[in-house]
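Data file: data_3.cif. Format and content: mmCIF, C-alpha atoms; chains and numbers go by the auth columns.
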```cif
data_target
loop_
_atom_site.group_PDB
_atom_site.id
_atom_site.type_symbol
_atom_site.label_atom_id
_atom_site.label_comp_id
_atom_site.label_asym_id
_atom_site.label_seq_id
_atom_site.Cartn_x
_atom_site.Cartn_y
_atom_site.Cartn_z
_atom_site.B_iso_or_equiv
_atom_site.auth_seq_id
_atom_site.auth_asym_id
ATOM 1 C CA MET A 1 -27.148 -37.364 -74.813 0.00 1 A
ATOM 2 C CA LEU A 2 -26.208 -37.900 -71.148 0.00 2 A
ATOM 3 C CA GLU A 3 -26.634 -41.091 -69.169 0.00 3 A
ATOM 4 C CA VAL A 4 -25.309 -41.655 -65.652 0.00 4 A
ATOM 5 C CA ARG A 5 -25.404 -45.257 -64.409 0.00 5 A
ATOM 6 C CA GLN A 6 -25.092 -46.277 -60.757 0.00 6 A
ATOM 7 C CA LEU A 7 -22.510 -43.609 -59.996 0.00 7 A
ATOM 8 C CA CYS A 8 -20.696 -43.774 -56.665 0.00 8 A
ATOM 9 C CA LYS A 9 -18.055 -41.510 -55.156 0.00 9 A
ATOM 10 C CA ARG A 10 -16.332 -41.990 -51.832 0.00 10 A
ATOM 11 C CA PHE A 11 -13.987 -39.660 -50.000 0.00 11 A
ATOM 12 C CA GLY A 12 -12.420 -41.948 -47.428 0.00 12 A
ATOM 13 C CA ALA A 13 -15.256 -43.392 -45.375 0.00 13 A
ATOM 14 C CA THR A 14 -17.753 -40.806 -46.648 0.00 14 A
ATOM 15 C CA ALA A 15 -20.086 -41.684 -49.523 0.00 15 A
ATOM 16 C CA ALA A 16 -20.623 -38.435 -51.438 0.00 16 A
ATOM 17 C CA LEU A 17 -22.643 -40.256 -54.123 0.00 17 A
ATOM 18 C CA ASP A 18 -24.325 -43.635 -53.786 0.00 18 A
ATOM 19 C CA ASP A 19 -25.888 -45.437 -56.773 0.00 19 A
ATOM 20 C CA VAL A 20 -26.894 -42.288 -58.684 0.00 20 A
ATOM 21 C CA SER A 21 -28.462 -42.749 -62.123 0.00 21 A
ATOM 22 C CA LEU A 22 -30.050 -40.159 -64.412 0.00 22 A
ATOM 23 C CA GLN A 23 -30.578 -39.276 -68.063 0.00 23 A
ATOM 24 C CA VAL A 24 -30.867 -36.036 -70.018 0.00 24 A
ATOM 25 C CA THR A 25 -32.195 -36.374 -73.543 0.00 25 A
ATOM 26 C CA PRO A 26 -30.585 -34.539 -76.483 0.00 26 A
ATOM 27 C CA GLY A 27 -31.670 -30.899 -76.514 0.00 27 A
ATOM 28 C CA GLY A 28 -33.017 -31.135 -72.966 0.00 28 A
ATOM 29 C CA ILE A 29 -32.200 -29.313 -69.746 0.00 29 A
ATOM 30 C CA GLY A 30 -31.828 -31.503 -66.669 0.00 30 A
ATOM 31 C CA ALA A 31 -31.747 -30.105 -63.138 0.00 31 A
ATOM 32 C CA VAL A 32 -30.112 -31.580 -60.051 0.00 32 A
ATOM 33 C CA VAL A 33 -31.509 -30.197 -56.805 0.00 33 A
ATOM 34 C CA GLY A 34 -31.095 -30.916 -53.121 0.00 34 A
ATOM 35 C CA PRO A 35 -29.836 -29.359 -49.887 0.00 35 A
ATOM 36 C CA ASN A 36 -26.243 -28.314 -49.324 0.00 36 A
ATOM 37 C CA GLY A 37 -24.030 -31.386 -49.053 0.00 37 A
ATOM 38 C CA ALA A 38 -26.406 -33.583 -51.068 0.00 38 A
ATOM 39 C CA GLY A 39 -23.731 -34.327 -53.687 0.00 39 A
ATOM 40 C CA LYS A 40 -24.822 -31.992 -56.493 0.00 40 A
ATOM 41 C CA SER A 41 -21.424 -30.443 -57.201 0.00 41 A
ATOM 42 C CA THR A 42 -19.670 -33.804 -56.902 0.00 42 A
ATOM 43 C CA LEU A 43 -22.036 -35.275 -59.475 0.00 43 A
ATOM 44 C CA LEU A 44 -21.537 -32.399 -61.904 0.00 44 A
ATOM 45 C CA ARG A 45 -17.758 -32.484 -61.535 0.00 45 A
ATOM 46 C CA ILE A 46 -17.748 -36.196 -62.379 0.00 46 A
ATOM 47 C CA VAL A 47 -19.981 -35.658 -65.418 0.00 47 A
ATOM 48 C CA ALA A 48 -17.691 -32.830 -66.557 0.00 48 A
ATOM 49 C CA GLY A 49 -14.627 -35.065 -66.251 0.00 49 A
ATOM 50 C CA VAL A 50 -13.032 -32.993 -63.483 0.00 50 A
ATOM 51 C CA LEU A 51 -13.384 -35.744 -60.869 0.00 51 A
ATOM 52 C CA ALA A 52 -13.146 -39.519 -61.267 0.00 52 A
ATOM 53 C CA PRO A 53 -15.951 -41.701 -59.867 0.00 53 A
ATOM 54 C CA SER A 54 -15.320 -44.539 -57.444 0.00 54 A
ATOM 55 C CA ALA A 55 -17.765 -46.727 -59.382 0.00 55 A
ATOM 56 C CA GLY A 56 -20.389 -46.437 -62.075 0.00 56 A
ATOM 57 C CA GLN A 57 -20.416 -45.078 -65.610 0.00 57 A
ATOM 58 C CA VAL A 58 -21.063 -41.813 -67.426 0.00 58 A
ATOM 59 C CA PHE A 59 -21.989 -41.801 -71.118 0.00 59 A
ATOM 60 C CA VAL A 60 -22.005 -38.634 -73.230 0.00 60 A
ATOM 61 C CA GLY A 61 -23.229 -38.980 -76.791 0.00 61 A
ATOM 62 C CA GLY A 62 -23.039 -42.749 -76.358 0.00 62 A
ATOM 63 C CA MET A 63 -19.354 -42.656 -75.378 0.00 63 A
ATOM 64 C CA ASP A 64 -18.076 -44.025 -72.067 0.00 64 A
ATOM 65 C CA THR A 65 -16.025 -41.431 -70.181 0.00 65 A
ATOM 66 C CA ARG A 66 -13.821 -44.180 -68.723 0.00 66 A
ATOM 67 C CA THR A 67 -12.618 -45.530 -72.063 0.00 67 A
ATOM 68 C CA GLN A 68 -13.151 -42.531 -74.357 0.00 68 A
ATOM 69 C CA GLY A 69 -12.376 -39.703 -71.975 0.00 69 A
ATOM 70 C CA ARG A 70 -10.417 -37.556 -74.409 0.00 70 A
ATOM 71 C CA GLN A 71 -13.159 -37.624 -77.042 0.00 71 A
ATOM 72 C CA VAL A 72 -15.864 -37.007 -74.446 0.00 72 A
ATOM 73 C CA ARG A 73 -14.110 -33.981 -72.940 0.00 73 A
ATOM 74 C CA ARG A 74 -14.255 -32.273 -76.331 0.00 74 A
ATOM 75 C CA LEU A 75 -18.048 -32.465 -76.169 0.00 75 A
ATOM 76 C CA ILE A 76 -18.407 -30.890 -72.708 0.00 76 A
ATOM 77 C CA GLY A 77 -18.349 -27.308 -71.477 0.00 77 A
ATOM 78 C CA PHE A 78 -18.185 -26.865 -67.689 0.00 78 A
ATOM 79 C CA LEU A 79 -19.113 -23.733 -65.734 0.00 79 A
ATOM 80 C CA PRO A 80 -18.175 -24.185 -62.048 0.00 80 A
ATOM 81 C CA GLU A 81 -19.944 -22.227 -59.336 0.00 81 A
ATOM 82 C CA GLN A 82 -16.916 -19.959 -59.020 0.00 82 A
ATOM 83 C CA SER A 83 -16.290 -19.129 -62.671 0.00 83 A
ATOM 84 C CA PRO A 84 -12.547 -18.647 -63.399 0.00 84 A
ATOM 85 C CA LEU A 85 -12.623 -15.052 -64.642 0.00 85 A
ATOM 86 C CA TYR A 86 -9.612 -12.737 -64.894 0.00 86 A
ATOM 87 C CA ARG A 87 -10.776 -9.547 -63.189 0.00 87 A
ATOM 88 C CA ASP A 88 -8.026 -7.352 -64.666 0.00 88 A
ATOM 89 C CA LEU A 89 -8.884 -8.237 -68.269 0.00 89 A
ATOM 90 C CA ARG A 90 -11.622 -6.738 -70.388 0.00 90 A
ATOM 91 C CA VAL A 91 -14.442 -9.055 -71.439 0.00 91 A
ATOM 92 C CA GLU A 92 -13.274 -9.555 -75.017 0.00 92 A
ATOM 93 C CA GLU A 93 -9.636 -9.921 -73.909 0.00 93 A
ATOM 94 C CA HIS A 94 -10.618 -12.587 -71.399 0.00 94 A
ATOM 95 C CA LEU A 95 -12.655 -14.554 -73.923 0.00 95 A
ATOM 96 C CA SER A 96 -9.902 -14.292 -76.534 0.00 96 A
ATOM 97 C CA TYR A 97 -7.348 -15.573 -74.018 0.00 97 A
ATOM 98 C CA ARG A 98 -9.606 -18.425 -72.953 0.00 98 A
ATOM 99 C CA GLY A 99 -10.268 -19.310 -76.580 0.00 99 A
ATOM 100 C CA ARG A 100 -6.551 -19.579 -77.294 0.00 100 A
ATOM 101 C CA LEU A 101 -6.125 -21.819 -74.254 0.00 101 A
ATOM 102 C CA LYS A 102 -8.797 -24.065 -75.768 0.00 102 A
ATOM 103 C CA GLY A 103 -6.963 -24.303 -79.089 0.00 103 A
ATOM 104 C CA LEU A 104 -8.819 -21.669 -81.093 0.00 104 A
ATOM 105 C CA ALA A 105 -6.873 -19.292 -83.334 0.00 105 A
ATOM 106 C CA GLY A 106 -7.140 -16.969 -86.326 0.00 106 A
ATOM 107 C CA LYS A 107 -10.432 -16.737 -88.198 0.00 107 A
ATOM 108 C CA ARG A 108 -11.968 -19.517 -86.130 0.00 108 A
ATOM 109 C CA LEU A 109 -11.252 -17.676 -82.874 0.00 109 A
ATOM 110 C CA ARG A 110 -12.581 -14.376 -84.227 0.00 110 A
ATOM 111 C CA ALA A 111 -15.746 -16.051 -85.478 0.00 111 A
ATOM 112 C CA ARG A 112 -16.391 -17.769 -82.161 0.00 112 A
ATOM 113 C CA LEU A 113 -15.769 -14.526 -80.244 0.00 113 A
ATOM 114 C CA ARG A 114 -18.338 -12.700 -82.372 0.00 114 A
ATOM 115 C CA SER A 115 -20.823 -15.521 -81.902 0.00 115 A
ATOM 116 C CA VAL A 116 -20.584 -15.849 -78.111 0.00 116 A
ATOM 117 C CA ILE A 117 -20.417 -12.102 -77.473 0.00 117 A
ATOM 118 C CA GLU A 118 -23.581 -11.577 -79.489 0.00 118 A
ATOM 119 C CA GLY A 119 -25.314 -14.716 -78.237 0.00 119 A
ATOM 120 C CA CYS A 120 -24.696 -13.936 -74.556 0.00 120 A
ATOM 121 C CA GLY A 121 -25.599 -10.251 -74.838 0.00 121 A
ATOM 122 C CA LEU A 122 -22.095 -8.974 -74.114 0.00 122 A
ATOM 123 C CA ASP A 123 -21.605 -6.529 -76.985 0.00 123 A
ATOM 124 C CA ASP A 124 -22.263 -3.441 -74.850 0.00 124 A
ATOM 125 C CA ILE A 125 -19.739 -4.536 -72.202 0.00 125 A
ATOM 126 C CA ARG A 126 -17.117 -6.230 -74.377 0.00 126 A
ATOM 127 C CA ARG A 127 -14.491 -3.594 -73.479 0.00 127 A
ATOM 128 C CA ARG A 128 -15.369 -3.337 -69.796 0.00 128 A
ATOM 129 C CA LEU A 129 -13.058 -4.709 -67.101 0.00 129 A
ATOM 130 C CA ILE A 130 -14.410 -7.944 -65.663 0.00 130 A
ATOM 131 C CA GLY A 131 -13.708 -6.690 -62.146 0.00 131 A
ATOM 132 C CA ARG A 132 -16.282 -3.939 -62.691 0.00 132 A
ATOM 133 C CA LEU A 133 -19.093 -6.190 -63.882 0.00 133 A
ATOM 134 C CA SER A 134 -22.190 -7.145 -61.930 0.00 134 A
ATOM 135 C CA LEU A 135 -22.611 -10.768 -60.877 0.00 135 A
ATOM 136 C CA GLY A 136 -25.186 -11.329 -63.600 0.00 136 A
ATOM 137 C CA GLN A 137 -22.827 -9.937 -66.226 0.00 137 A
ATOM 138 C CA ARG A 138 -19.996 -12.132 -64.956 0.00 138 A
ATOM 139 C CA GLN A 139 -22.239 -15.193 -65.242 0.00 139 A
ATOM 140 C CA ARG A 140 -22.912 -14.313 -68.870 0.00 140 A
ATOM 141 C CA VAL A 141 -19.164 -14.007 -69.491 0.00 141 A
ATOM 142 C CA GLY A 142 -18.668 -17.421 -67.892 0.00 142 A
ATOM 143 C CA LEU A 143 -21.341 -18.917 -70.129 0.00 143 A
ATOM 144 C CA ALA A 144 -19.740 -17.312 -73.194 0.00 144 A
ATOM 145 C CA ASP A 145 -16.457 -18.948 -72.169 0.00 145 A
ATOM 146 C CA VAL A 146 -18.184 -22.342 -72.034 0.00 146 A
ATOM 147 C CA LEU A 147 -19.735 -21.805 -75.471 0.00 147 A
ATOM 148 C CA LEU A 148 -16.471 -20.928 -77.236 0.00 148 A
ATOM 149 C CA THR A 149 -15.847 -24.533 -78.242 0.00 149 A
ATOM 150 C CA GLU A 150 -19.503 -25.247 -79.130 0.00 150 A
ATOM 151 C CA PRO A 151 -19.972 -28.080 -76.603 0.00 151 A
ATOM 152 C CA ARG A 152 -22.788 -30.553 -77.105 0.00 152 A
ATOM 153 C CA LEU A 153 -23.238 -30.885 -73.326 0.00 153 A
ATOM 154 C CA MET A 154 -23.037 -27.916 -70.960 0.00 154 A
ATOM 155 C CA VAL A 155 -22.572 -28.652 -67.248 0.00 155 A
ATOM 156 C CA LEU A 156 -23.448 -25.640 -65.078 0.00 156 A
ATOM 157 C CA ASP A 157 -22.926 -25.691 -61.301 0.00 157 A
ATOM 158 C CA GLU A 158 -25.306 -23.282 -59.511 0.00 158 A
ATOM 159 C CA PRO A 159 -25.532 -20.812 -62.424 0.00 159 A
ATOM 160 C CA PHE A 160 -28.182 -18.730 -60.610 0.00 160 A
ATOM 161 C CA ALA A 161 -26.322 -18.433 -57.284 0.00 161 A
ATOM 162 C CA GLY A 162 -26.269 -14.858 -56.017 0.00 162 A
ATOM 163 C CA LEU A 163 -28.409 -13.466 -58.832 0.00 163 A
ATOM 164 C CA ASP A 164 -31.353 -11.254 -57.972 0.00 164 A
ATOM 165 C CA ALA A 165 -34.770 -12.027 -59.449 0.00 165 A
ATOM 166 C CA ASP A 166 -34.288 -9.872 -62.540 0.00 166 A
ATOM 167 C CA GLN A 167 -30.774 -11.187 -63.243 0.00 167 A
ATOM 168 C CA ALA A 168 -31.928 -14.784 -62.765 0.00 168 A
ATOM 169 C CA ASP A 169 -34.883 -14.220 -65.080 0.00 169 A
ATOM 170 C CA ARG A 170 -32.640 -12.868 -67.849 0.00 170 A
ATOM 171 C CA PHE A 171 -30.082 -15.643 -67.378 0.00 171 A
ATOM 172 C CA CYS A 172 -32.855 -18.245 -67.467 0.00 172 A
ATOM 173 C CA SER A 173 -34.055 -16.886 -70.817 0.00 173 A
ATOM 174 C CA LEU A 174 -30.480 -16.894 -72.098 0.00 174 A
ATOM 175 C CA LEU A 175 -30.010 -20.555 -71.135 0.00 175 A
ATOM 176 C CA ALA A 176 -33.249 -21.554 -72.849 0.00 176 A
ATOM 177 C CA GLY A 177 -32.048 -19.926 -76.058 0.00 177 A
ATOM 178 C CA VAL A 178 -28.573 -21.436 -75.746 0.00 178 A
ATOM 179 C CA CYS A 179 -30.039 -24.908 -75.281 0.00 179 A
ATOM 180 C CA ALA A 180 -32.306 -24.496 -78.294 0.00 180 A
ATOM 181 C CA ARG A 181 -29.320 -23.538 -80.467 0.00 181 A
ATOM 182 C CA HIS A 182 -26.475 -25.576 -79.058 0.00 182 A
ATOM 183 C CA GLY A 183 -27.590 -28.751 -77.301 0.00 183 A
ATOM 184 C CA THR A 184 -28.024 -30.266 -73.862 0.00 184 A
ATOM 185 C CA ILE A 185 -27.627 -28.789 -70.362 0.00 185 A
ATOM 186 C CA LEU A 186 -27.185 -30.363 -66.924 0.00 186 A
ATOM 187 C CA LEU A 187 -27.348 -27.835 -64.095 0.00 187 A
ATOM 188 C CA SER A 188 -27.566 -27.741 -60.323 0.00 188 A
ATOM 189 C CA THR A 189 -29.563 -25.113 -58.490 0.00 189 A
ATOM 190 C CA HIS A 190 -31.522 -24.232 -55.374 0.00 190 A
ATOM 191 C CA ARG A 191 -33.922 -22.101 -57.462 0.00 191 A
ATOM 192 C CA LEU A 192 -36.866 -24.455 -57.823 0.00 192 A
ATOM 193 C CA ASP A 193 -39.011 -21.772 -59.459 0.00 193 A
ATOM 194 C CA LEU A 194 -36.511 -21.640 -62.317 0.00 194 A
ATOM 195 C CA VAL A 195 -36.362 -25.430 -62.552 0.00 195 A
ATOM 196 C CA ASP A 196 -40.101 -25.418 -63.173 0.00 196 A
ATOM 197 C CA ARG A 197 -39.786 -22.763 -65.847 0.00 197 A
ATOM 198 C CA LEU A 198 -36.641 -23.960 -67.624 0.00 198 A
ATOM 199 C CA CYS A 199 -35.992 -27.672 -67.199 0.00 199 A
ATOM 200 C CA HIS A 200 -37.295 -30.854 -68.784 0.00 200 A
ATOM 201 C CA SER A 201 -36.284 -33.175 -65.937 0.00 201 A
ATOM 202 C CA CYS A 202 -35.423 -32.875 -62.258 0.00 202 A
ATOM 203 C CA THR A 203 -33.351 -35.214 -60.072 0.00 203 A
ATOM 204 C CA THR A 204 -33.440 -34.645 -56.317 0.00 204 A
ATOM 205 C CA LEU A 205 -30.462 -35.765 -54.222 0.00 205 A
ATOM 206 C CA SER A 206 -30.256 -36.213 -50.471 0.00 206 A
ATOM 207 C CA GLN A 207 -27.119 -37.465 -48.719 0.00 207 A
ATOM 208 C CA GLY A 208 -25.698 -38.613 -52.033 0.00 208 A
ATOM 209 C CA ARG A 209 -28.698 -40.686 -53.097 0.00 209 A
ATOM 210 C CA VAL A 210 -31.500 -40.070 -55.598 0.00 210 A
ATOM 211 C CA ILE A 211 -34.774 -39.655 -53.735 0.00 211 A
ATOM 212 C CA ARG A 212 -36.956 -38.411 -56.593 0.00 212 A
ATOM 213 C CA GLN A 213 -36.876 -38.009 -60.375 0.00 213 A
ATOM 214 C CA THR A 214 -39.506 -36.068 -62.287 0.00 214 A
ATOM 215 C CA VAL A 215 -40.175 -35.335 -65.948 0.00 215 A
ATOM 216 C CA LEU A 216 -41.310 -31.744 -66.491 0.00 216 A
ATOM 217 C CA ALA A 217 -43.262 -30.936 -69.659 0.00 217 A
ATOM 218 C CA PRO A 218 -43.853 -27.232 -70.385 0.00 218 A
ATOM 219 C CA HIS A 219 -47.024 -25.867 -71.915 0.00 219 A
ATOM 220 C CA THR A 220 -46.815 -22.988 -74.354 0.00 220 A
ATOM 221 C CA ASP A 221 -48.296 -20.740 -71.674 0.00 221 A
ATOM 222 C CA GLY A 222 -45.412 -21.572 -69.344 0.00 222 A
ATOM 223 C CA GLU A 223 -47.334 -23.934 -67.075 0.00 223 A
ATOM 224 C CA ARG A 224 -46.459 -27.569 -66.502 0.00 224 A
ATOM 225 C CA GLU A 225 -48.458 -30.673 -67.199 0.00 225 A
ATOM 226 C CA ARG A 226 -47.367 -32.079 -63.855 0.00 226 A
ATOM 227 C CA ALA A 227 -46.867 -30.663 -60.405 0.00 227 A
ATOM 228 C CA PRO A 228 -44.601 -27.622 -60.223 0.00 228 A
ATOM 229 C CA ALA A 229 -40.979 -28.273 -59.400 0.00 229 A
ATOM 230 C CA ASP A 230 -41.205 -27.039 -55.824 0.00 230 A
ATOM 231 C CA ALA A 231 -43.480 -30.010 -55.167 0.00 231 A
ATOM 232 C CA ALA A 232 -42.273 -32.504 -57.751 0.00 232 A
ATOM 233 C CA CYS A 233 -38.590 -31.980 -56.948 0.00 233 A
ATOM 234 C CA GLY A 234 -38.885 -32.073 -53.219 0.00 234 A
ATOM 235 C CA GLY A 235 -40.371 -28.750 -52.096 0.00 235 A
ATOM 236 C CA GLY A 236 -38.894 -26.372 -49.513 0.00 236 A
ATOM 237 C CA LEU A 237 -35.235 -27.233 -49.956 0.00 237 A
ATOM 238 C CA PRO A 238 -32.930 -25.107 -47.814 0.00 238 A
#
```

How does this structure look as structure tokens?
Amino acid sequence: MLEVRQLCKRFGATAALDDVSLQVTPGGIGAVVGPNGAGKSTLLRIVAGVLAPSAGQVFVGGMDTRTQGRQVRRLIGFLPEQSPLYRDLRVEEHLSYRGRLKGLAGKRLRARLRSVIEGCGLDDIRRRLIGRLSLGQRQRVGLADVLLTEPRLMVLDEPFAGLDADQADRFCSLLAGVCARHGTILLSTHRLDLVDRLCHSCTTLSQGRVIRQTVLAPHTDGERERAPADAACGGGLP
């Protein structure tokens, strides 16, 4: 579903990404980990089509983002670390507004609103002001926004940032269900315990370069066939 080939990104004399390659198979969840400044957000922004690479290629569903960018963007849903939520709107109002911005209308919009509100567990807070939501609730609203257009690839930048253990656990379960129903996820995180639980592959970046890539295969009892992610993906990251 997603293939990144020899991706490079320079900002002046600084190499933010240098020869980065990775793959996420259809229906899989791929993690990108590494310390602050490793290039995680830059990589995700390029995959999402928000930022252009200096060199290299990104393929989504077999399509090259350089030559088929418009078609590819229709397949991608991007949740940045700071989700663009309108604090003075109620949850359903916000999602309806965002849906219209994305070209949804009429019966199609109403159907998608029902689906994402139910799927992301927002029914009890659908009429609550976004400014009064907890961080975990706001993350669920952001994910619902991403899902409005039924993307085949979801790109999530630090979706667990700021969540306490219980919130992160619930959001992790939500993502697993979303992936099973909707498709493929690429996410960045510092939460290596959740990588081990949730993800099928892990790419570790340091100073813009790939230093380790690991396939993670879950058992039905929640354990992994290989080393846990805190070892396999680099251990002790700050």

Carefully work through the PyMOL selection byres ((chain A and resi 180-185) around 6) for this structure and note down the residues it includes, as a CSV table (one decimal) with C-alpha atoms, in the coordinates of the input.
```
chain,number,residue,atom,x,y,z
A,26,PRO,CA,-30.6,-34.5,-76.5
A,27,GLY,CA,-31.7,-30.9,-76.5
A,28,GLY,CA,-33.0,-31.1,-73.0
A,29,ILE,CA,-32.2,-29.3,-69.7
A,152,ARG,CA,-22.8,-30.6,-77.1
A,153,LEU,CA,-23.2,-30.9,-73.3
A,154,MET,CA,-23.0,-27.9,-71.0
A,155,VAL,CA,-22.6,-28.7,-67.2
A,177,GLY,CA,-32.0,-19.9,-76.1
A,178,VAL,CA,-28.6,-21.4,-75.7
A,179,CYS,CA,-30.0,-24.9,-75.3
A,186,LEU,CA,-27.2,-30.4,-66.9
```

* To do: Check the smallest atom-to-atom distance from each of A:Gln57, A:Val116, A:Val50, A:Leu192 to A:Asp19 using only C-alpha atoms, then report the winner.
  => A:Gln57

* Structure fact -> Here atom CA of A:Ala13 and atom CA of A:Gly30 stand apart by 29.5 Å

* Asked: the PyMOL selection byres ((chain A and resi 121-125) around 9) on the file shown: which residues, as number ranges by chain?
  -> A: 90-92, 114, 116-120, 126-129, 133, 137, 140-141, 144, 174

Given the file shown, determine the residues that the PyMOL selection byres ((chain A and resi 79-81) around 6) selects; report them as a compact mmCIF listing (two decimals) with C-alpha atoms, in the frame of the given file.
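Once everything was written out, this is result-v3.txt:
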```txt
# COMPACT_ATOMS: atom_id res chain seq x y z
CA PHE A 78 -18.18 -26.86 -67.69
CA GLN A 82 -16.92 -19.96 -59.02
CA SER A 83 -16.29 -19.13 -62.67
CA LEU A 156 -23.45 -25.64 -65.08
CA ASP A 157 -22.93 -25.69 -61.30
CA GLU A 158 -25.31 -23.28 -59.51
```

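Each of A:Leu198, A:His190, A:Gly49, A:Leu163 was checked against A:Leu175 using all atoms listed in the file; the smallest atom-to-atom distance is that of A:Leu198.
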
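Using only C-alpha atoms, the contacts of A:Leu85 at a cut-off of 8 Å, with sequence neighbours closer than 2 positions omitted, comprise Ser83, Arg87, His94, Ile130, Arg138 and Gly142 of chain A.
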
* Asked: In Å, with one decimal, what is the gap from atom CA of A:Val32 to atom CA of A:Arg74?
  -> 22.7 Å

* Structure fact -> As a check of understanding: the span from atom CA of A:Asn36 to atom CA of A:Asp18 is 16.1 Å

* **Residue nearest A:Thr65 - candidates A:Ala52, A:Ala111, A:Leu22, A:Met1, atoms counted: only C-alpha atoms** => A:Ala52

* To do: List the neighbours of A:Thr14 out to 10 Å using only C-alpha atoms; skip same-chain residues closer than 4 positions along the sequence, and give me the result as JSON, numbers by chain.
  => {"A": [9, 10, 208]}

* Rank nothing, just name the residue among A:Ile211, A:Leu187, A:Leu7, A:Leu148 nearest to A:Leu104, using only C-alpha atoms. => A:Leu148

* Closest to A:Pro151 among A:Thr204, A:Gln71, A:Ser173, A:Ser21, using all atoms listed in the file? -> A:Gln71

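Using all atoms listed in the file, the residues found no farther than 7 Å from A:Cys202, other than those of its own chain fewer than 5 positions away, are Gly30, Ala31, Val32, Gln213, Thr214, Val215 and Cys233 of chain A.
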